[in-house]
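**Student:** Contents of my_file-v4.cif (mmCIF, C-alpha atoms) are given next:
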```cif
data_my_file
loop_
_atom_site.label_atom_id
_atom_site.label_comp_id
_atom_site.auth_asym_id
_atom_site.auth_seq_id
_atom_site.Cartn_x
_atom_site.Cartn_y
_atom_site.Cartn_z
CA MET A 1 94.78 123.77 69.40
CA GLY A 2 91.68 121.65 70.02
CA LEU A 3 93.03 119.81 73.04
CA SER A 4 92.13 121.37 76.40
CA TYR A 5 94.67 121.68 79.20
CA THR A 6 92.67 119.14 81.28
CA ALA A 7 92.66 116.62 78.43
CA PHE A 8 96.36 117.14 77.82
CA TYR A 9 97.18 116.65 81.50
CA VAL A 10 94.95 113.58 81.95
CA LEU A 11 96.18 111.91 78.75
CA THR A 12 99.81 112.59 79.68
CA PHE A 13 99.17 111.01 83.08
CA PHE A 14 97.54 108.01 81.42
CA ALA A 15 100.38 107.63 78.93
CA LEU A 16 103.02 107.72 81.66
CA THR A 17 101.03 105.25 83.78
CA ALA A 18 100.74 102.87 80.84
CA VAL A 19 104.46 103.18 80.07
CA THR A 20 105.32 102.54 83.73
CA ILE A 21 103.16 99.40 83.75
CA PHE A 22 104.75 98.23 80.51
CA VAL A 23 108.29 98.80 81.81
CA ASP A 24 107.37 96.99 85.02
CA PHE A 25 106.02 94.11 82.95
CA ILE A 26 109.32 93.87 81.06
CA SER A 27 111.39 94.02 84.26
CA MET A 28 109.25 91.30 85.84
CA ARG A 29 109.81 89.07 82.84
CA VAL A 30 113.55 89.65 83.00
CA LEU A 31 113.63 88.79 86.70
CA LYS A 32 111.17 85.89 86.44
CA LYS A 33 113.69 83.09 87.02
CA HIS A 34 114.83 84.71 90.29
CA PHE A 35 111.36 84.99 91.80
CA SER A 36 111.39 81.67 93.63
CA GLU A 37 114.62 82.38 95.49
CA VAL A 38 113.52 85.92 96.40
CA ILE A 39 110.16 84.62 97.64
CA SER A 40 111.83 81.93 99.75
CA GLU A 41 114.08 84.60 101.29
CA LYS A 42 111.46 87.37 101.61
CA PRO A 43 107.92 85.88 101.51
CA ILE A 44 106.30 89.32 101.48
CA PHE A 45 107.64 89.81 97.94
CA LEU A 46 105.05 87.31 96.74
CA TYR A 47 102.14 89.36 98.07
CA VAL A 48 103.65 92.64 96.86
CA MET A 49 104.15 91.23 93.37
CA VAL A 50 100.66 89.71 93.13
CA PHE A 51 98.84 92.73 94.52
CA LYS A 52 100.87 95.09 92.35
CA THR A 53 99.95 93.10 89.24
CA LEU A 54 96.27 93.11 90.19
CA ALA A 55 96.42 96.87 90.77
CA GLU A 56 98.13 97.39 87.40
CA VAL A 57 95.40 95.43 85.62
CA ALA A 58 92.80 97.54 87.43
CA LEU A 59 94.62 100.74 86.42
CA LEU A 60 94.70 99.69 82.78
CA TRP A 61 90.99 98.93 82.92
CA LEU A 62 90.22 102.35 84.39
CA ILE A 63 92.29 104.04 81.66
CA VAL A 64 90.54 102.07 78.92
CA ALA A 65 87.15 102.75 80.50
CA PHE A 66 87.85 106.50 80.75
CA ILE A 67 89.00 106.77 77.15
CA GLY A 68 85.99 104.66 76.16
CA GLN A 69 83.67 107.17 77.81
CA ILE A 70 85.26 110.03 75.86
CA TRP A 71 85.14 107.97 72.67
CA MET A 72 81.43 107.26 73.17
CA GLY A 73 80.73 110.93 73.83
CA TRP A 74 79.48 110.28 77.39
CA ILE A 75 81.94 112.71 78.95
CA GLN A 76 84.06 115.62 77.76
CA ILE A 77 87.37 116.90 79.03
CA MET B 1 85.93 73.10 101.07
CA ALA B 2 88.24 75.95 101.92
CA SER B 3 90.69 75.41 104.75
CA ALA B 4 89.49 76.52 108.18
CA PRO B 5 89.54 80.31 108.28
CA VAL B 6 92.39 81.47 110.51
CA PHE B 7 92.25 85.10 111.47
CA GLY B 8 95.46 87.10 111.36
CA ILE B 9 97.31 89.95 109.73
CA ARG B 10 97.61 88.13 106.39
CA GLN B 11 93.86 87.48 106.23
CA ILE B 12 93.11 91.10 107.07
CA ALA B 13 95.59 92.23 104.40
CA VAL B 14 94.05 90.01 101.70
CA THR B 15 90.53 91.19 102.58
CA ALA B 16 91.58 94.85 102.75
CA ILE B 17 93.53 94.78 99.49
CA THR B 18 90.73 92.96 97.66
CA ALA B 19 88.23 95.49 99.00
CA GLY B 20 90.46 98.47 98.18
CA LEU B 21 91.08 97.22 94.66
CA CYS B 22 87.49 96.30 93.93
CA LEU B 23 85.86 99.42 95.37
CA PRO B 24 86.78 101.88 92.58
CA LEU B 25 86.17 99.20 89.97
CA ALA B 26 82.70 98.51 91.40
CA LEU B 27 81.88 102.21 91.48
CA PHE B 28 82.88 102.76 87.88
CA ALA B 29 81.23 99.54 86.73
CA ILE B 30 77.92 100.89 88.04
CA ILE B 31 78.54 104.32 86.52
CA LEU B 32 79.84 103.11 83.15
CA VAL B 33 77.51 100.23 82.33
CA PRO B 34 74.30 100.84 84.30
CA ILE B 35 71.19 98.76 83.73
CA PRO B 36 68.17 101.10 83.53
CA GLY B 37 65.49 100.10 86.05
CA LEU B 38 67.80 98.01 88.21
CA PRO B 39 69.41 99.65 91.24
CA ALA B 40 73.20 99.31 91.59
CA ALA B 41 73.42 96.92 88.64
CA SER B 42 76.11 96.81 85.96
CA GLY B 43 76.24 95.03 82.63
CA PHE B 44 79.98 94.43 83.01
CA TRP B 45 80.87 93.72 86.64
CA ILE B 46 84.64 94.09 86.39
CA PRO B 47 85.47 93.79 90.16
CA ALA B 48 84.18 90.22 90.11
CA GLY B 49 87.14 89.26 87.93
CA PHE B 50 89.41 90.22 90.84
CA TYR B 51 87.54 88.91 93.86
CA PHE B 52 86.78 85.58 92.16
CA VAL B 53 90.49 85.06 91.61
CA MET B 54 91.35 86.14 95.17
CA THR B 55 88.71 83.72 96.50
CA LEU B 56 90.08 80.82 94.47
CA TRP B 57 93.54 81.56 95.87
CA PHE B 58 92.82 82.61 99.45
CA GLY B 59 89.32 81.30 100.17
CA VAL B 60 86.66 83.22 102.07
CA TRP B 61 88.93 86.25 102.68
CA GLY B 62 88.89 87.18 98.99
CA ALA B 63 85.11 86.86 98.87
CA LEU B 64 84.82 88.99 102.01
CA GLY B 65 86.92 91.71 100.34
CA GLY B 66 84.61 91.64 97.31
CA HIS B 67 81.59 91.79 99.60
CA ILE B 68 82.90 94.83 101.49
CA ALA B 69 83.83 96.65 98.25
CA THR B 70 80.54 96.10 96.49
CA THR B 71 78.47 96.79 99.60
CA ILE B 72 80.15 100.17 99.99
CA ALA B 73 80.03 100.89 96.25
CA MET B 74 76.35 100.07 96.05
CA GLY B 75 75.45 101.93 99.16
CA TYR B 76 77.24 104.95 100.41
CA PHE B 77 78.25 106.59 97.16
CA PHE B 78 74.90 106.16 95.43
CA GLY B 79 72.61 106.71 98.41
CA TYR B 80 70.69 103.45 98.03
CA THR B 81 68.78 101.87 100.90
CA LEU B 82 70.36 99.41 103.33
CA HIS B 83 68.41 96.62 101.66
CA ILE B 84 70.12 97.25 98.31
CA TRP B 85 73.52 97.53 99.99
CA MET B 86 73.16 94.22 101.75
CA ASP B 87 71.41 92.32 98.98
CA GLY B 88 73.96 93.12 96.28
CA GLY B 89 76.88 92.75 98.68
CA LEU B 90 75.70 89.34 99.84
CA GLY B 91 75.21 88.25 96.24
CA ASP B 92 78.81 89.19 95.53
CA PHE B 93 79.92 87.25 98.61
CA ILE B 94 77.95 84.13 97.67
CA ALA B 95 79.03 84.04 94.00
CA PRO B 96 82.80 83.46 94.42
CA ILE B 97 82.12 80.97 97.23
CA VAL B 98 79.87 79.02 94.84
CA ALA B 99 82.68 78.97 92.24
CA LEU B 100 85.17 77.88 94.92
CA VAL B 101 82.91 75.03 96.10
CA ILE B 102 82.45 73.78 92.53
CA PHE B 103 86.22 73.97 91.99
CA LYS B 104 86.83 72.00 95.18
CA LEU B 105 84.16 69.39 94.48
CA LEU B 106 85.46 68.77 90.97
CA ARG B 107 89.10 68.88 92.14
CA ALA B 108 90.09 71.38 89.45
CA ASN B 109 93.40 73.23 89.48
CA PRO B 110 93.35 77.09 89.61
CA GLU B 111 96.55 77.07 87.55
CA LEU B 112 94.34 76.05 84.61
CA LYS B 113 96.85 73.52 83.35
CA GLU B 114 94.44 71.16 81.60
CA LYS B 115 91.37 71.56 79.42
CA ARG B 116 89.32 70.11 82.25
CA ASP B 117 90.44 72.95 84.54
CA TYR B 118 89.34 75.50 81.95
CA ALA B 119 85.99 73.73 81.58
CA VAL B 120 85.44 73.71 85.35
CA TRP B 121 86.48 77.38 85.56
CA ILE B 122 84.04 78.45 82.84
CA VAL B 123 81.17 76.35 84.17
CA SER B 124 81.75 77.41 87.79
CA VAL B 125 81.82 81.08 86.78
CA MET B 126 78.60 80.72 84.80
CA ILE B 127 76.82 78.91 87.64
CA ALA B 128 78.13 81.39 90.24
CA SER B 129 77.01 84.38 88.14
CA LEU B 130 73.58 82.83 87.68
CA VAL B 131 73.26 82.13 91.41
CA CYS B 132 74.28 85.73 92.15
CA GLY B 133 71.75 87.11 89.67
CA LEU B 134 68.99 84.85 91.00
CA TRP B 135 69.76 85.77 94.62
CA VAL B 136 69.96 89.53 94.12
CA HIS B 137 66.93 89.95 91.91
CA THR B 138 64.69 87.45 93.69
CA VAL B 139 65.31 89.28 96.96
CA HIS B 140 64.69 92.61 95.18
CA LEU B 141 61.46 91.20 93.75
CA LEU B 142 60.25 89.82 97.09
CA PHE B 143 60.91 93.18 98.77
CA GLY B 144 59.11 95.07 95.99
CA ILE B 145 62.23 96.90 94.78
CA ILE B 146 61.77 95.68 91.21
CA THR B 147 58.82 94.39 89.21
CA TRP B 148 58.55 90.95 87.61
CA PRO B 149 59.69 91.94 84.05
CA PHE B 150 62.88 93.41 85.50
CA TRP B 151 63.60 90.16 87.34
CA TRP B 152 64.35 88.51 84.01
CA VAL B 153 66.40 91.47 82.78
CA GLY B 154 68.36 91.48 86.03
CA VAL B 155 69.10 87.77 86.13
CA LEU B 156 70.12 87.75 82.47
CA THR B 157 72.34 90.83 82.66
CA TYR B 158 74.03 89.60 85.84
CA PHE B 159 74.59 86.23 84.23
CA ILE B 160 76.10 87.69 81.05
CA GLY B 161 77.82 90.76 82.55
CA ASP B 162 79.43 88.96 85.48
CA THR B 163 80.43 85.91 83.45
CA LEU B 164 82.11 87.98 80.73
CA ALA B 165 83.99 90.21 83.17
CA ILE B 166 85.19 87.30 85.31
CA LEU B 167 86.35 85.24 82.36
CA ILE B 168 88.07 88.16 80.58
CA VAL B 169 89.91 89.42 83.67
CA GLY B 170 90.16 86.32 85.83
CA THR B 171 91.44 83.81 83.28
CA PRO B 172 94.79 85.53 82.51
CA LEU B 173 95.27 86.34 86.20
CA LEU B 174 94.80 82.71 87.23
CA LYS B 175 96.96 81.48 84.39
CA THR B 176 99.90 83.80 85.04
CA LEU B 177 99.90 84.42 88.80
CA THR B 178 98.77 81.15 90.38
CA GLU B 179 102.19 79.56 89.96
CA TYR B 180 103.57 82.24 92.31
CA VAL B 181 100.59 82.52 94.64
CA LYS B 182 100.72 78.80 95.39
CA GLN B 183 103.95 79.42 97.31
CA SER B 184 101.95 81.42 99.84
CA PRO B 185 101.01 79.68 103.11
CA MET B 186 97.55 81.17 102.61
CA TYR B 187 97.01 79.34 99.32
CA ILE B 188 94.13 76.96 99.98
CA TRP B 189 94.92 74.18 97.51
CA LYS B 190 97.88 72.52 99.22
#
```
Mind converting the file's structure to structure tokens?

**Tutor:**
Amino acid sequence: MGLSYTAFYVLTFFALTAVTIFVDFISMRVLKKHFSEVISEKPIFLYVMVFKTLAEVALLWLIVAFIGQIWMGWIQI
Amino acid sequence: MASAPVFGIRQIAVTAITAGLCLPLALFAIILVPIPGLPAASGFWIPAGFYFVMTLWFGVWGALGGHIATTIAMGYFFGYTLHIWMDGGLGDFIAPIVALVIFKLLRANPELKEKRDYAVWIVSVMIASLVCGLWVHTVHLLFGIITWPFWWVGVLTYFIGDTLAILIVGTPLLKTLTEYVKQSPMYIWK
């Protein structure tokens, strides 16, 4: 098979990360209407939610950027 | 202007998280989209999308996080001189503050509810990116780090690269998260 072990491992990790982010996105949408009451009860939830979302966006960017480098032929795995 | 900076655990957390988030992004922005002939420059400055948003929400603490991240990214890992560390880092501190001041002066809403808010957001980002590019490359030029032809290249690539990254990343973040962030006592627009 043409796919190296490193590529297989990295791509599996990326795929699972992307799926996790997607599932989290769905769960956040489902729970959206309860956010205000949770935040009023536990204010730290607000910061956790916001920083988690920012980190997820950053993760997605890093995945896209890494695949982009392979695509462009700049790196090989 | 931003509310008076109060120093506490929340402010440290916002600065630390912004810095921690922006550091890897800054590193890879320099590695992935380098500008030949310009030290520590990137044609798509993705971390700015994050620290601009954090600055619009939390004021100077977000900008400070961006400053720390880009100063470290431009310095330690690439072995540049202290001048390049400080110059680029200061540029990335000034830029979001410029956008914040424009936002405040024009009384725009970070929730981007109206067309006017979008217009102010786009214009403030463009002006801030231009100011950052002018600052960084003029200081580089005056210190003899770059030559005159590269001044133009630098200012133009900072203007385009920063503006695009901030608008692409920052706009959806402001639009979707500000309605929650405004419940924070640290939110500066109350």

**Student:** Please determine the contact residues of chain A with respect to chain B at a cut-off of 10 Å, counting all atoms listed in the file, and supply them as a ChimeraX atom specification.

**Tutor:** /A:35-36,39-40,43-44,46-47,49-51,53-55,57-59,61-62,65-66,68-69,74

**Student:** Hey, can I get the axis-aligned box for region 21-33 of chain A? All listed atoms, 8 Å padding on each side, centre and edge lengths in Å to one decimal, as lines of an AutoDock Vina configuration file.

**Tutor:**
```
center_x = 108.4
center_y = 91.2
center_z = 83.8
size_x = 26.5
size_y = 32.3
size_z = 22.5
```

**Student:** What does the distance from CA of Ile12 (chain B) to CA of Ala128 (chain B) come to in Å, to one decimal?

**Tutor:** 24.5 Å

**Student:** For the file shown, what are the residues hit by the PyMOL selection byres ((chain B and resi 30) around 8), laid out as a ChimeraX atom specification?

**Tutor:** /B:26-29,31-34,40-42,45

**Student:** For CA of Thr12 (chain A) and CA of Val64 (chain A), quote the distance in Å rounded to one decimal.

**Tutor:**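 CA of Val64 (chain A) lies 14.0 Å from CA of Thr12 (chain A).
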
**Student:** State, in Å with one decimal place, the distance from CA of Ile9 (chain B) to CA of Leu60 (chain A).

**Tutor:**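 Between CA of Ile9 (chain B) and CA of Leu60 (chain A) the gap works out to 28.8 Å.
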
**Student:** Counting all atoms listed in the file, figure out which residue out of B:Val101, B:Ala63, B:Val125, B:Cys132 gets nearest to Gly88 (chain B).

**Tutor:**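 Residue with the minimum atom-to-atom distance to Gly88 (chain B): B:Cys132.
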
**Student:** Region 55-60 of chain B: which residues within 8 Å, counting all atoms listed in the file, same-chain residues fewer than 2 positions away excluded, as a list in words?

**Tutor:** Ala2, Ser3, Pro5, Val14, Tyr51, Phe52, Val53, Gly62, Ala63, Leu64, Pro96, Ile97, Ala99, Leu100, Pro110, Thr178, Val181, Lys182, Met186, Tyr187, Ile188 and Trp189 of chain B

**Student:** Between B:Thr157, B:Thr171, B:Ser124, B:Gln11, which one has atoms that come closest to Pro36 (chain B), using all atoms listed in the file?

**Tutor:**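 Smallest distance to Pro36 (chain B) is found for B:Thr157.
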
**Student:** Please provide the set of residues having any atom within 12 Å of Ile145 (chain B), restricted to all atoms listed in the file, with same-chain residues fewer than 6 positions apart removed, written as number ranges by chain.

**Tutor:** B: 37-40, 80-81, 83-84, 87, 136-139, 151, 154

**Student:** Let's have the selection written as a PDB file, in the frame of the given file, with C-alpha atoms.

**Tutor:**
```
ATOM      1  CA  GLY B  37      65.490 100.100  86.050  1.00  0.00           C
ATOM      2  CA  LEU B  38      67.800  98.010  88.210  1.00  0.00           C
ATOM      3  CA  PRO B  39      69.410  99.650  91.240  1.00  0.00           C
ATOM      4  CA  ALA B  40      73.200  99.310  91.590  1.00  0.00           C
ATOM      5  CA  TYR B  80      70.690 103.450  98.030  1.00  0.00           C
ATOM      6  CA  THR B  81      68.780 101.870 100.900  1.00  0.00           C
ATOM      7  CA  HIS B  83      68.410  96.620 101.660  1.00  0.00           C
ATOM      8  CA  ILE B  84      70.120  97.250  98.310  1.00  0.00           C
ATOM      9  CA  ASP B  87      71.410  92.320  98.980  1.00  0.00           C
ATOM     10  CA  VAL B 136      69.960  89.530  94.120  1.00  0.00           C
ATOM     11  CA  HIS B 137      66.930  89.950  91.910  1.00  0.00           C
ATOM     12  CA  THR B 138      64.690  87.450  93.690  1.00  0.00           C
ATOM     13  CA  VAL B 139      65.310  89.280  96.960  1.00  0.00           C
ATOM     14  CA  TRP B 151      63.600  90.160  87.340  1.00  0.00           C
ATOM     15  CA  GLY B 154      68.360  91.480  86.030  1.00  0.00           C
TER      16      GLY B 154
END
```

**Student:** Apply the PyMOL selection byres ((chain B and resi 160-165) around 7) to the structure shown and report the selected residues as number ranges by chain.

**Tutor:** B: 43-46, 48-49, 125-126, 129, 156-159, 166-169

**Student:** Would you list the contacts of Ala15 (chain A) as a list in words, taking every protein, DNA or RNA residue within 12 Å and counting all atoms listed in the file, but skipping same-chain residues closer than 4 positions in sequence?

**Tutor:** Ala7, Phe8, Tyr9, Val10, Leu11, Val19, Thr20, Ile21, Phe22, Leu59, Leu60, Ile63, Val64 and Ile67 of chain A

**Student:** Would you mind completing region 15-41 of chain A to N, CA, C and O atoms and writing the output as a PDB file, keeping the file's coordinate frame?

**Tutor:**
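The resulting file, out_9.pdb, is shown below:
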```pdb
ATOM      1  N   ALA A  15      99.290 108.149  79.755  1.00  0.00           N
ATOM      2  CA  ALA A  15     100.380 107.630  78.930  1.00  0.00           C
ATOM      3  C   ALA A  15     101.556 107.203  79.817  1.00  0.00           C
ATOM      4  O   ALA A  15     102.122 106.118  79.641  1.00  0.00           O
ATOM      5  N   LEU A  16     101.901 108.052  80.775  1.00  0.00           N
ATOM      6  CA  LEU A  16     103.020 107.720  81.660  1.00  0.00           C
ATOM      7  C   LEU A  16     102.696 106.506  82.539  1.00  0.00           C
ATOM      8  O   LEU A  16     103.555 105.671  82.796  1.00  0.00           O
ATOM      9  N   THR A  17     101.441 106.415  82.980  1.00  0.00           N
ATOM     10  CA  THR A  17     101.030 105.250  83.780  1.00  0.00           C
ATOM     11  C   THR A  17     101.153 103.972  82.946  1.00  0.00           C
ATOM     12  O   THR A  17     101.683 102.960  83.425  1.00  0.00           O
ATOM     13  N   ALA A  18     100.676 104.051  81.706  1.00  0.00           N
ATOM     14  CA  ALA A  18     100.740 102.870  80.840  1.00  0.00           C
ATOM     15  C   ALA A  18     102.184 102.467  80.561  1.00  0.00           C
ATOM     16  O   ALA A  18     102.520 101.275  80.581  1.00  0.00           O
ATOM     17  N   VAL A  19     103.036 103.471  80.317  1.00  0.00           N
ATOM     18  CA  VAL A  19     104.460 103.180  80.070  1.00  0.00           C
ATOM     19  C   VAL A  19     105.094 102.550  81.307  1.00  0.00           C
ATOM     20  O   VAL A  19     105.847 101.575  81.214  1.00  0.00           O
ATOM     21  N   THR A  20     104.773 103.082  82.475  1.00  0.00           N
ATOM     22  CA  THR A  20     105.320 102.540  83.730  1.00  0.00           C
ATOM     23  C   THR A  20     104.914 101.074  83.903  1.00  0.00           C
ATOM     24  O   THR A  20     105.729 100.224  84.278  1.00  0.00           O
ATOM     25  N   ILE A  21     103.655 100.790  83.625  1.00  0.00           N
ATOM     26  CA  ILE A  21     103.160  99.400  83.750  1.00  0.00           C
ATOM     27  C   ILE A  21     103.886  98.496  82.745  1.00  0.00           C
ATOM     28  O   ILE A  21     104.286  97.379  83.071  1.00  0.00           O
ATOM     29  N   PHE A  22     104.070  99.016  81.538  1.00  0.00           N
ATOM     30  CA  PHE A  22     104.750  98.230  80.510  1.00  0.00           C
ATOM     31  C   PHE A  22     106.195  97.938  80.907  1.00  0.00           C
ATOM     32  O   PHE A  22     106.688  96.808  80.796  1.00  0.00           O
ATOM     33  N   VAL A  23     106.887  98.966  81.390  1.00  0.00           N
ATOM     34  CA  VAL A  23     108.290  98.800  81.810  1.00  0.00           C
ATOM     35  C   VAL A  23     108.367  97.815  82.983  1.00  0.00           C
ATOM     36  O   VAL A  23     109.257  96.954  83.036  1.00  0.00           O
ATOM     37  N   ASP A  24     107.403  97.928  83.898  1.00  0.00           N
ATOM     38  CA  ASP A  24     107.370  96.990  85.020  1.00  0.00           C
ATOM     39  C   ASP A  24     107.155  95.559  84.540  1.00  0.00           C
ATOM     40  O   ASP A  24     107.774  94.618  85.039  1.00  0.00           O
ATOM     41  N   PHE A  25     106.278  95.420  83.535  1.00  0.00           N
ATOM     42  CA  PHE A  25     106.020  94.110  82.950  1.00  0.00           C
ATOM     43  C   PHE A  25     107.303  93.499  82.375  1.00  0.00           C
ATOM     44  O   PHE A  25     107.623  92.330  82.600  1.00  0.00           O
ATOM     45  N   ILE A  26     108.051  94.337  81.651  1.00  0.00           N
ATOM     46  CA  ILE A  26     109.320  93.870  81.060  1.00  0.00           C
ATOM     47  C   ILE A  26     110.301  93.460  82.168  1.00  0.00           C
ATOM     48  O   ILE A  26     110.930  92.396  82.111  1.00  0.00           O
ATOM     49  N   SER A  27     110.422  94.316  83.185  1.00  0.00           N
ATOM     50  CA  SER A  27     111.390  94.020  84.260  1.00  0.00           C
ATOM     51  C   SER A  27     111.003  92.746  84.998  1.00  0.00           C
ATOM     52  O   SER A  27     111.860  91.957  85.401  1.00  0.00           O
ATOM     53  N   MET A  28     109.691  92.523  85.166  1.00  0.00           N
ATOM     54  CA  MET A  28     109.250  91.300  85.840  1.00  0.00           C
ATOM     55  C   MET A  28     109.582  90.062  85.012  1.00  0.00           C
ATOM     56  O   MET A  28     109.924  89.012  85.541  1.00  0.00           O
ATOM     57  N   ARG A  29     109.467  90.207  83.711  1.00  0.00           N
ATOM     58  CA  ARG A  29     109.810  89.070  82.840  1.00  0.00           C
ATOM     59  C   ARG A  29     111.302  88.759  82.903  1.00  0.00           C
ATOM     60  O   ARG A  29     111.712  87.602  82.906  1.00  0.00           O
ATOM     61  N   VAL A  30     112.097  89.833  82.933  1.00  0.00           N
ATOM     62  CA  VAL A  30     113.550  89.650  83.000  1.00  0.00           C
ATOM     63  C   VAL A  30     113.949  88.946  84.293  1.00  0.00           C
ATOM     64  O   VAL A  30     114.823  88.074  84.309  1.00  0.00           O
ATOM     65  N   LEU A  31     113.267  89.318  85.371  1.00  0.00           N
ATOM     66  CA  LEU A  31     113.630  88.790  86.700  1.00  0.00           C
ATOM     67  C   LEU A  31     112.893  87.487  87.054  1.00  0.00           C
ATOM     68  O   LEU A  31     113.092  86.951  88.151  1.00  0.00           O
ATOM     69  N   LYS A  32     112.075  87.006  86.141  1.00  0.00           N
ATOM     70  CA  LYS A  32     111.170  85.890  86.440  1.00  0.00           C
ATOM     71  C   LYS A  32     111.867  84.693  87.083  1.00  0.00           C
ATOM     72  O   LYS A  32     111.386  84.125  88.062  1.00  0.00           O
ATOM     73  N   LYS A  33     113.037  84.318  86.543  1.00  0.00           N
ATOM     74  CA  LYS A  33     113.690  83.090  87.020  1.00  0.00           C
ATOM     75  C   LYS A  33     114.242  83.235  88.446  1.00  0.00           C
ATOM     76  O   LYS A  33     114.602  82.246  89.087  1.00  0.00           O
ATOM     77  N   HIS A  34     114.312  84.491  88.932  1.00  0.00           N
ATOM     78  CA  HIS A  34     114.830  84.710  90.290  1.00  0.00           C
ATOM     79  C   HIS A  34     113.723  84.802  91.336  1.00  0.00           C
ATOM     80  O   HIS A  34     114.001  84.922  92.524  1.00  0.00           O
ATOM     81  N   PHE A  35     112.465  84.780  90.875  1.00  0.00           N
ATOM     82  CA  PHE A  35     111.360  84.990  91.800  1.00  0.00           C
ATOM     83  C   PHE A  35     111.350  83.994  92.960  1.00  0.00           C
ATOM     84  O   PHE A  35     111.191  84.366  94.113  1.00  0.00           O
ATOM     85  N   SER A  36     111.523  82.708  92.600  1.00  0.00           N
ATOM     86  CA  SER A  36     111.390  81.670  93.630  1.00  0.00           C
ATOM     87  C   SER A  36     112.376  81.875  94.777  1.00  0.00           C
ATOM     88  O   SER A  36     112.012  81.747  95.949  1.00  0.00           O
ATOM     89  N   GLU A  37     113.633  82.204  94.413  1.00  0.00           N
ATOM     90  CA  GLU A  37     114.620  82.380  95.490  1.00  0.00           C
ATOM     91  C   GLU A  37     114.337  83.623  96.328  1.00  0.00           C
ATOM     92  O   GLU A  37     114.528  83.612  97.546  1.00  0.00           O
ATOM     93  N   VAL A  38     113.855  84.704  95.648  1.00  0.00           N
ATOM     94  CA  VAL A  38     113.520  85.920  96.400  1.00  0.00           C
ATOM     95  C   VAL A  38     112.335  85.652  97.335  1.00  0.00           C
ATOM     96  O   VAL A  38     112.342  86.063  98.498  1.00  0.00           O
ATOM     97  N   ILE A  39     111.344  84.915  96.825  1.00  0.00           N
ATOM     98  CA  ILE A  39     110.160  84.620  97.640  1.00  0.00           C
ATOM     99  C   ILE A  39     110.538  83.748  98.841  1.00  0.00           C
ATOM    100  O   ILE A  39     110.043  83.967  99.950  1.00  0.00           O
ATOM    101  N   SER A  40     111.441  82.784  98.626  1.00  0.00           N
ATOM    102  CA  SER A  40     111.830  81.930  99.750  1.00  0.00           C
ATOM    103  C   SER A  40     112.605  82.721 100.813  1.00  0.00           C
ATOM    104  O   SER A  40     112.561  82.418 101.995  1.00  0.00           O
ATOM    105  N   GLU A  41     113.321  83.777 100.353  1.00  0.00           N
ATOM    106  CA  GLU A  41     114.080  84.600 101.290  1.00  0.00           C
ATOM    107  C   GLU A  41     113.194  85.667 101.948  1.00  0.00           C
ATOM    108  O   GLU A  41     113.270  85.897 103.150  1.00  0.00           O
TER     109      GLU A  41
END
```
